[in-house]
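Colleague: Got a file for you: model31.csv, CSV, C-alpha atoms and all ligand atoms.
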chain,number,residue,atom,x,y,z
A,21,MET,CA,129.5,103.6,87.4
A,22,ALA,CA,127.3,105.3,90.0
A,23,GLU,CA,126.3,108.9,89.1
A,24,ARG,CA,126.0,110.3,92.6
A,25,PHE,CA,127.1,113.8,91.4
A,26,LYS,CA,124.9,114.2,88.3
A,27,ASN,CA,123.7,117.8,88.2
A,28,LYS,CA,126.0,118.7,91.1
A,29,VAL,CA,128.7,121.3,90.9
A,30,VAL,CA,131.9,120.6,92.8
A,31,ILE,CA,134.9,122.8,93.7
A,32,VAL,CA,138.1,121.0,94.5
A,33,THR,CA,141.1,123.1,95.6
A,34,GLY,CA,144.6,121.9,94.9
A,35,ALA,CA,143.1,119.7,92.2
A,36,GLY,CA,146.2,119.7,89.9
A,37,LYS,CA,148.1,116.9,91.7
A,38,GLY,CA,147.9,114.3,94.4
A,39,MET,CA,144.7,113.7,96.3
A,40,GLY,CA,142.9,116.8,94.8
A,41,HIS,CA,143.6,115.5,91.3
A,42,ALA,CA,142.2,112.1,92.2
A,43,SER,CA,139.0,113.5,93.8
A,44,ALA,CA,138.4,115.9,90.9
A,45,VAL,CA,138.6,113.0,88.4
A,46,ALA,CA,136.4,110.8,90.6
A,47,PHE,CA,133.7,113.5,91.1
A,48,ALA,CA,133.6,114.1,87.3
A,49,ALA,CA,133.4,110.3,86.6
A,50,GLU,CA,130.3,110.3,88.8
A,51,GLY,CA,128.7,113.0,86.8
A,52,GLY,CA,129.8,116.1,88.7
A,53,SER,CA,130.7,119.4,87.0
A,54,VAL,CA,134.1,120.2,88.5
A,55,ALA,CA,135.9,123.5,89.1
A,56,VAL,CA,139.6,122.7,89.3
A,57,ALA,CA,141.0,125.4,91.7
A,58,GLU,CA,144.8,125.3,91.5
A,59,ILE,CA,147.8,127.6,91.8
A,60,ASP,CA,149.9,125.6,89.3
A,61,GLU,CA,148.4,126.5,85.9
A,62,ALA,CA,149.9,123.5,84.0
A,63,ALA,CA,148.8,121.0,86.6
A,64,GLY,CA,145.3,122.4,86.8
A,65,ASN,CA,144.9,122.4,83.0
A,66,ASP,CA,146.1,118.8,82.9
A,67,THR,CA,143.4,117.7,85.3
A,68,VAL,CA,140.7,119.5,83.3
A,69,ASN,CA,142.0,117.9,80.0
A,70,GLU,CA,142.0,114.5,81.6
A,71,ILE,CA,138.4,114.9,82.8
A,72,LYS,CA,137.2,116.2,79.4
A,73,ALA,CA,139.0,113.3,77.6
A,74,ASN,CA,137.0,110.9,79.8
A,75,GLY,CA,133.8,112.7,78.8
A,76,GLY,CA,133.4,114.7,82.0
A,77,LYS,CA,132.8,118.4,82.6
A,78,ALA,CA,135.4,120.7,84.2
A,79,ILE,CA,136.8,124.2,84.2
A,80,PHE,CA,140.2,125.4,85.4
A,81,VAL,CA,140.2,128.5,87.6
A,82,LYS,CA,143.7,129.7,88.5
A,83,THR,CA,143.5,130.2,92.3
A,84,ASP,CA,145.8,130.9,95.1
A,85,VAL,CA,143.4,129.7,97.9
A,86,ALA,CA,145.2,132.0,100.4
A,87,GLN,CA,144.0,135.1,98.5
A,88,ARG,CA,140.5,136.4,99.1
A,89,ALA,CA,140.2,137.9,95.7
A,90,ASP,CA,141.2,134.6,94.0
A,91,VAL,CA,138.7,132.7,96.1
A,92,GLN,CA,135.9,135.2,95.2
A,93,HIS,CA,136.8,134.9,91.6
A,94,LEU,CA,136.8,131.1,91.8
A,95,VAL,CA,133.3,131.0,93.2
A,96,GLU,CA,132.1,133.6,90.6
A,97,GLU,CA,133.6,131.6,87.7
A,98,THR,CA,132.1,128.4,89.0
A,99,VAL,CA,128.6,129.9,89.3
A,100,LYS,CA,129.0,131.5,85.8
A,101,ALA,CA,130.0,128.2,84.2
A,102,PHE,CA,127.8,125.7,86.0
A,103,GLY,CA,125.0,127.7,87.8
A,104,GLY,CA,125.8,127.2,91.5
A,105,VAL,CA,127.9,125.2,94.0
A,106,ASP,CA,126.8,122.0,95.7
A,107,VAL,CA,130.1,120.5,97.0
A,108,LEU,CA,133.4,122.0,98.2
A,109,HIS,CA,136.5,119.9,98.8
A,110,ASN,CA,139.1,121.9,100.7
A,111,ASN,CA,142.1,119.9,99.8
A,112,ALA,CA,145.0,122.3,99.0
A,113,GLY,CA,147.8,122.1,101.6
A,114,VAL,CA,151.5,122.6,102.0
A,115,ILE,CA,154.2,121.5,104.5
A,116,ARG,CA,157.6,122.7,105.6
A,117,TYR,CA,159.6,121.2,108.4
A,118,GLY,CA,161.3,122.8,111.4
A,119,THR,CA,161.1,123.2,115.2
A,120,VAL,CA,159.5,126.4,116.4
A,121,VAL,CA,162.9,127.8,117.0
A,122,ASP,CA,164.2,127.1,113.5
A,123,MET,CA,161.0,127.9,111.6
A,124,SER,CA,160.6,131.4,110.1
A,125,GLU,CA,157.5,133.5,110.7
A,126,GLU,CA,157.0,133.5,106.9
A,127,ASP,CA,156.9,129.7,106.8
A,128,TRP,CA,154.5,129.6,109.7
A,129,ASP,CA,152.2,132.2,108.2
A,130,TRP,CA,152.4,130.5,104.7
A,131,MET,CA,151.2,127.2,106.1
A,132,MET,CA,148.4,128.9,108.2
A,133,SER,CA,147.2,130.8,105.1
A,134,ILE,CA,147.0,127.8,102.8
A,135,ASN,CA,146.1,125.0,105.2
A,136,LEU,CA,143.7,126.9,107.5
A,137,ARG,CA,142.7,130.4,106.4
A,138,ALA,CA,141.9,129.3,102.9
A,139,SER,CA,139.2,126.9,104.2
A,140,PHE,CA,137.7,129.9,106.0
A,141,LEU,CA,137.7,131.9,102.8
A,142,THR,CA,136.3,129.2,100.6
A,143,CYS,CA,133.5,128.4,103.1
A,144,LYS,CA,132.8,132.2,103.4
A,145,TYR,CA,132.1,132.6,99.7
A,146,VAL,CA,130.7,129.1,98.9
A,147,ILE,CA,128.2,128.7,101.7
A,148,PRO,CA,126.0,131.6,100.4
A,149,GLU,CA,125.9,129.8,97.0
A,150,MET,CA,124.9,126.5,98.7
A,151,ARG,CA,122.1,128.2,100.5
A,152,LYS,CA,120.6,129.2,97.2
A,153,ARG,CA,120.6,125.5,96.2
A,154,GLY,CA,118.9,124.4,99.5
A,155,GLY,CA,122.0,122.7,100.9
A,156,GLY,CA,125.5,121.3,100.2
A,157,ALA,CA,128.4,119.3,101.5
A,158,ILE,CA,131.9,120.4,102.5
A,159,VAL,CA,134.8,118.1,102.9
A,160,ASN,CA,137.9,119.5,104.6
A,161,THR,CA,141.3,117.8,104.6
A,162,ALA,CA,143.0,117.4,108.0
A,163,SER,CA,145.6,114.7,108.6
A,164,VAL,CA,146.5,112.1,111.2
A,165,GLN,CA,148.9,114.9,112.3
A,166,ALA,CA,145.9,116.5,113.9
A,167,PHE,CA,145.7,113.7,116.5
A,168,ALA,CA,149.2,112.3,116.8
A,169,THR,CA,152.3,113.9,115.6
A,170,GLN,CA,156.0,113.7,115.0
A,171,ARG,CA,159.0,116.0,115.4
A,172,THR,CA,159.4,119.2,113.3
A,173,VAL,CA,155.8,119.6,112.2
A,174,ALA,CA,154.5,122.1,114.8
A,175,ALA,CA,153.1,124.5,112.2
A,176,TYR,CA,151.6,121.8,110.0
A,177,SER,CA,150.0,119.8,112.8
A,178,ALA,CA,148.6,123.1,114.3
A,179,THR,CA,146.8,123.8,111.0
A,180,LYS,CA,145.4,120.3,110.8
A,181,GLY,CA,144.2,120.2,114.4
A,182,ALA,CA,142.5,123.6,113.8
A,183,ILE,CA,140.8,122.1,110.7
A,184,VAL,CA,139.1,119.4,112.8
A,185,ALA,CA,137.8,122.1,115.2
A,186,PHE,CA,136.8,124.4,112.4
A,187,THR,CA,134.9,121.6,110.7
A,188,LYS,CA,132.8,121.0,113.8
A,189,THR,CA,131.7,124.7,114.1
A,190,VAL,CA,130.9,125.0,110.4
A,191,ALA,CA,128.8,121.8,110.8
A,192,LEU,CA,126.9,123.2,113.7
A,193,ASP,CA,126.4,126.7,112.2
A,194,HIS,CA,125.1,125.4,108.9
A,195,ALA,CA,123.2,122.2,109.7
A,196,PRO,CA,119.9,124.1,109.8
A,197,GLU,CA,120.6,125.1,106.2
A,198,ASN,CA,121.1,121.4,105.2
A,199,ILE,CA,124.8,122.1,104.7
A,200,ARG,CA,127.0,119.3,106.0
A,201,CYS,CA,130.7,119.7,106.8
A,202,ASN,CA,133.1,116.8,107.6
A,203,CYS,CA,136.8,116.3,107.4
A,204,ILE,CA,139.2,113.5,106.6
A,205,ALA,CA,142.4,112.5,108.3
A,206,PRO,CA,144.7,110.7,105.8
A,207,GLY,CA,147.8,108.8,106.9
A,208,SER,CA,150.8,108.7,104.5
A,209,ILE,CA,149.5,108.9,100.9
A,210,ASP,CA,151.7,108.5,97.9
A,211,THR,CA,151.5,112.0,96.3
A,212,PRO,CA,154.0,114.7,95.3
A,213,LEU,CA,153.8,116.1,98.8
A,214,LEU,CA,154.8,112.7,100.4
A,215,ARG,CA,157.7,112.5,97.8
A,216,PHE,CA,158.8,116.0,98.9
A,217,ALA,CA,158.9,114.8,102.5
A,218,ALA,CA,160.9,111.7,101.5
A,219,ASP,CA,163.4,113.9,99.7
A,220,VAL,CA,163.8,116.0,102.9
A,221,PHE,CA,164.2,113.1,105.3
A,222,GLU,CA,166.0,110.6,103.1
A,223,PRO,CA,167.5,112.4,100.0
A,224,GLU,CA,169.7,109.4,99.3
A,225,ASN,CA,166.8,106.9,99.2
A,226,PRO,CA,163.4,108.6,99.0
A,227,SER,CA,161.6,105.4,97.7
A,228,GLY,CA,163.1,103.5,100.7
A,229,ALA,CA,161.7,106.2,103.0
A,230,ILE,CA,158.2,105.8,101.6
A,231,GLU,CA,158.4,102.0,101.9
A,232,SER,CA,159.5,102.2,105.5
A,233,TRP,CA,156.8,104.8,106.4
A,234,GLY,CA,154.3,102.3,104.7
A,235,LYS,CA,155.5,99.6,107.1
A,236,VAL,CA,154.5,101.7,110.1
A,237,HIS,CA,150.9,101.6,108.9
A,238,PRO,CA,149.2,98.4,110.2
A,239,LEU,CA,148.1,97.6,106.6
A,240,GLY,CA,151.8,97.6,105.7
A,241,ARG,CA,151.9,100.3,103.0
A,242,VAL,CA,151.1,103.9,102.2
A,243,GLY,CA,147.8,104.7,100.7
A,244,THR,CA,146.8,106.0,97.2
A,245,SER,CA,145.1,109.2,96.3
A,246,GLU,CA,142.3,107.1,94.7
A,247,GLU,CA,141.6,105.4,98.1
A,248,VAL,CA,141.3,108.8,99.7
A,249,ALA,CA,139.0,110.0,96.9
A,250,LYS,CA,136.5,107.2,97.7
A,251,LEU,CA,136.1,108.6,101.3
A,252,VAL,CA,135.8,112.2,100.0
A,253,LEU,CA,133.1,111.2,97.5
A,254,PHE,CA,131.2,109.2,100.2
A,255,LEU,CA,131.2,112.2,102.6
A,256,ALA,CA,130.2,114.6,99.8
A,257,SER,CA,127.4,112.4,98.5
A,258,ASP,CA,123.8,111.8,99.8
A,259,ASP,CA,125.1,108.4,101.0
A,260,ALA,CA,126.5,110.4,104.0
A,261,SER,CA,123.2,112.3,104.6
A,262,PHE,CA,123.4,111.8,108.4
A,263,CYS,CA,127.1,112.6,108.7
A,264,THR,CA,128.2,116.0,109.7
A,265,GLY,CA,130.9,117.5,112.0
A,266,GLY,CA,132.9,114.3,111.9
A,267,CYS,CA,136.5,113.5,111.1
A,268,TYR,CA,137.2,110.2,109.3
A,269,ASN,CA,140.5,108.4,109.2
A,270,VAL,CA,141.8,107.0,106.0
A,271,ASP,CA,145.1,105.9,107.4
A,272,GLY,CA,145.7,102.2,107.0
A,273,GLY,CA,145.1,101.8,110.8
A,274,LEU,CA,147.9,104.2,111.8
A,275,LEU,CA,146.0,105.9,114.5
A,276,ALA,CA,144.6,102.7,116.0
A,277,GLY,CA,147.9,101.7,117.6
A,278,LEU,CA,150.5,102.8,120.1
A,279,PRO,CA,154.1,102.4,119.0
A,280,LEU,CA,154.7,99.6,121.5
B,301,LIG,N1,150.2,113.1,101.2
B,301,LIG,C1,150.0,112.8,102.5
B,301,LIG,O1,150.6,111.8,103.0
B,301,LIG,C2,149.0,113.6,103.3
B,301,LIG,C3,148.6,113.1,104.5
B,301,LIG,C4,147.7,113.7,105.3
B,301,LIG,C5,147.1,114.9,104.8
B,301,LIG,N2,147.5,115.4,103.6
B,301,LIG,C6,146.9,116.6,103.1
B,301,LIG,O2,146.1,116.3,101.9
B,301,LIG,C7,146.0,117.5,101.1
B,301,LIG,C8,146.5,117.1,99.7
B,301,LIG,O3,147.9,116.7,99.9
B,301,LIG,P1,148.7,116.1,98.7
B,301,LIG,O4,149.6,115.1,99.3
B,301,LIG,O5,147.8,115.6,97.6
B,301,LIG,O6,149.6,117.4,98.2
B,301,LIG,P2,150.3,117.7,96.8
B,301,LIG,O7,151.4,118.6,97.2
B,301,LIG,O8,150.7,116.4,96.2
B,301,LIG,O9,149.2,118.4,96.0
B,301,LIG,C9,148.7,119.6,96.5
B,301,LIG,C10,148.1,120.5,95.4
B,301,LIG,O10,147.7,121.7,96.0
B,301,LIG,C11,148.2,122.8,95.1
B,301,LIG,N3,148.4,124.0,95.9
B,301,LIG,C12,149.4,124.3,96.8
B,301,LIG,N4,149.2,125.6,97.3
B,301,LIG,C13,148.1,126.1,96.7
B,301,LIG,C14,147.5,127.3,96.8
B,301,LIG,N5,147.9,128.3,97.6
B,301,LIG,N6,146.3,127.5,96.1
B,301,LIG,C15,145.9,126.5,95.3
B,301,LIG,N7,146.5,125.3,95.1
B,301,LIG,C16,147.6,125.1,95.9
B,301,LIG,C17,149.6,122.3,94.6
B,301,LIG,O11,150.0,123.0,93.5
B,301,LIG,C18,149.2,120.8,94.3
B,301,LIG,O12,148.7,120.6,93.0
B,301,LIG,C19,146.8,118.6,101.8
B,301,LIG,O13,145.9,119.4,102.6
B,301,LIG,C20,147.7,117.8,102.7
B,301,LIG,O14,148.2,118.6,103.8
B,301,LIG,C21,148.5,114.8,102.8
Would you write the structure of this file as structure tokens?

Modeller:
Amino acid sequence: MAERFKNKVVIVTGAGKGMGHASAVAFAAEGGSVAVAEIDEAAGNDTVNEIKANGGKAIFVKTDVAQRADVQHLVEETVKAFGGVDVLHNNAGVIRYGTVVDMSEEDWDWMMSINLRASFLTCKYVIPEMRKRGGGAIVNTASVQAFATQRTVAAYSATKGAIVAFTKTVALDHAPENIRCNCIAPGSIDTPLLRFAADVFEPENPSGAIESWGKVHPLGRVGTSEEVAKLVLFLASDDASFCTGGCYNVDGGLLAGLPL
């Protein structure tokens, strides 16, 4: 196994489940010391226990990424435990469905605070730590919904489109400090979030919904969290030393085609 993250300290938000869990486990397997930032205490501790059982290094920091004080605490605890921060994977995200007419202001603000504002907060407190290390890498999580969308996701797709733009400016602002910032645009990935969507749209047959969404992707299936983690690790590693400000699809070809 390659050890691209030996002596590197990595923060992954929303690392208790889904794609965050997969990337935290993968970073640790390649030698990274991982801070698991997660609002769900049981899920966060499960990820840490799994990493430790595999011989890796990890701490759990209970974090609501939408709260400034929690994010500051996360960065402080990470530095205290591991001595700095080299990599930030802004992964935590949430979704609720509804047209702009139906959606409450609370749901709109909730998605904005976790999917968008949280990345501002984590970057705000992590970048000063990366400066002390002479550089770093940030990977933000957008979505195919930033580029092509569907009905009832105005709030969610607005947050994801904003993440693509946010990524570019962070990349420009901090390139002179050797801090790279990229984002990923996953298609449908089999996680608890996708299962939640399947329950909303096809409560009678959620597995059937996932199978039919998979068929819309040119590769004929939904993706796995582990497949996404491979892209995240590439972008966070020195293998991607000339990549910054970009958004990379991991979508089974979904955005390549028109629905014709
Ligand atoms: N699953 C997909 O098909 C898909 C596609 C494109 C993009 N995405 C994006 O990928 C990211 C990960 O999605 P997923 O499918 O793995 O989601 P998930 O719901 O399966 O897991 C998300 C994790 O984030 C945690 N979390 C939620 N709110 C938090 C908060 N305020 N503070 C800290 N942790 C919090 C949850 O407890 C959970 O452990 C999200 O940003 C999502 O929008 C998902």

Colleague: As a VMD selection string, please: every protein or nucleic acid residue near ligand LIG 301 (chain B) (cut-off 8 Å, counting all atoms listed in the file).

Modeller: chain A and resid 33 to 41 57 to 60 63 to 64 82 to 87 110 to 115 133 to 135 161 to 165 176 180 205 to 214 242 to 243 245

Colleague: Please return, as a PyMOL selection string, all polymer residues that have at least one atom within 9 Å of the point (125.2, 120.0, 90.5); use all atoms listed in the file and the file's own coordinate frame.

Modeller: chain A and resi 25-30+51-53+102-107

Colleague: Tell me which of A:Leu108, A:Ile204, A:Ala229, A:Val68 sits closest to Phe167 of chain A, counting only C-alpha atoms.

Modeller: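 Result for the nearest residue to Phe167 of chain A: A:Ile204.
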
Colleague: Please determine, counting all atoms listed in the file, which residue among A:Leu136, A:Val184, A:Ala44, A:Leu255 has the shortest atom-to-atom distance to Ala166 of chain A.

Modeller: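 Distance minimum relative to Ala166 of chain A lands on A:Val184.
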
Colleague: Identify which of the residues A:Asn225, A:Ala174, A:Gly118, A:Asn202 lies closest to Ala256 of chain A, counting only C-alpha atoms when measuring atom-to-atom distances.

Modeller: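 For Ala256 of chain A, the nearest of the given residues is A:Asn202.
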
Colleague: Please indicate the distance in Å from atom CA of Met150 of chain A to atom CA of Glu97 of chain A, rounded to one decimal place.

Modeller: 14.9 Å

Colleague: For each of A:Arg24, A:Arg241, A:Arg151, A:Lys188, take the minimum atom-to-atom distance to Ala260 of chain A, counting only C-alpha atoms, then give the residue where this is smallest.

Modeller: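 Once distances to Ala260 of chain A are computed over only C-alpha atoms, the minimum belongs to A:Arg24.
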
Colleague: Rank A:Thr172, A:Thr98, A:Cys201, A:Cys267 by their smallest atom-to-atom distance to Phe221 of chain A, using all atoms listed in the file, and report the top residue only.

Modeller: A:Thr172

Colleague: What's around Pro238 of chain A at 10 Å? Count only C-alpha atoms, leave out sequence neighbours fewer than 5 positions away in its own chain, and write the answer as a short mmCIF file (atom, residue, chain, number, x, y, z; two decimals) with C-alpha atoms, in the coordinates of the input.

Modeller:
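Saved as result05.cif:
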data_model
loop_
_atom_site.label_atom_id
_atom_site.label_comp_id
_atom_site.auth_asym_id
_atom_site.auth_seq_id
_atom_site.Cartn_x
_atom_site.Cartn_y
_atom_site.Cartn_z
CA ASP A 271 145.10 105.90 107.40
CA GLY A 272 145.70 102.20 107.00
CA GLY A 273 145.10 101.80 110.80
CA LEU A 274 147.90 104.20 111.80
CA LEU A 275 146.00 105.90 114.50
CA ALA A 276 144.60 102.70 116.00
CA GLY A 277 147.90 101.70 117.60
#

Colleague: One decimal, in Å: what's the spacing between atom CA of Gly156 of chain A and atom CA of Glu70 of chain A?

Modeller: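 Pair atom CA of Gly156 of chain A / atom CA of Glu70 of chain A returns 25.8 Å.
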
Colleague: Go ahead and compute the interatomic distance for atom CA of Gly76 of chain A and atom CA of Arg200 of chain A, in Å to one decimal.

Modeller: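 Computed distance, atom CA of Gly76 of chain A to atom CA of Arg200 of chain A, equals 25.3 Å.
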
Colleague: In file coordinates, which residues lie within 12 Å of (125.7, 105.0, 92.7) using all atoms listed in the file, given as a list in words?

Modeller: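 Protein and nucleic acid residues near the point are Met21, Ala22, Glu23, Arg24, Phe25, Lys26, Phe47, Ala49, Glu50, Gly51, Leu253, Phe254, Ser257, Asp258 and Asp259 of chain A.
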
Colleague: With all atoms listed in the file as the basis for distance, which of A:Gly228, A:Lys100, A:Ile31, A:Ala175 is at the shortest distance from Ile147 of chain A?

Modeller: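 That would be A:Ile31, the residue with the smallest distance to Ile147 of chain A.
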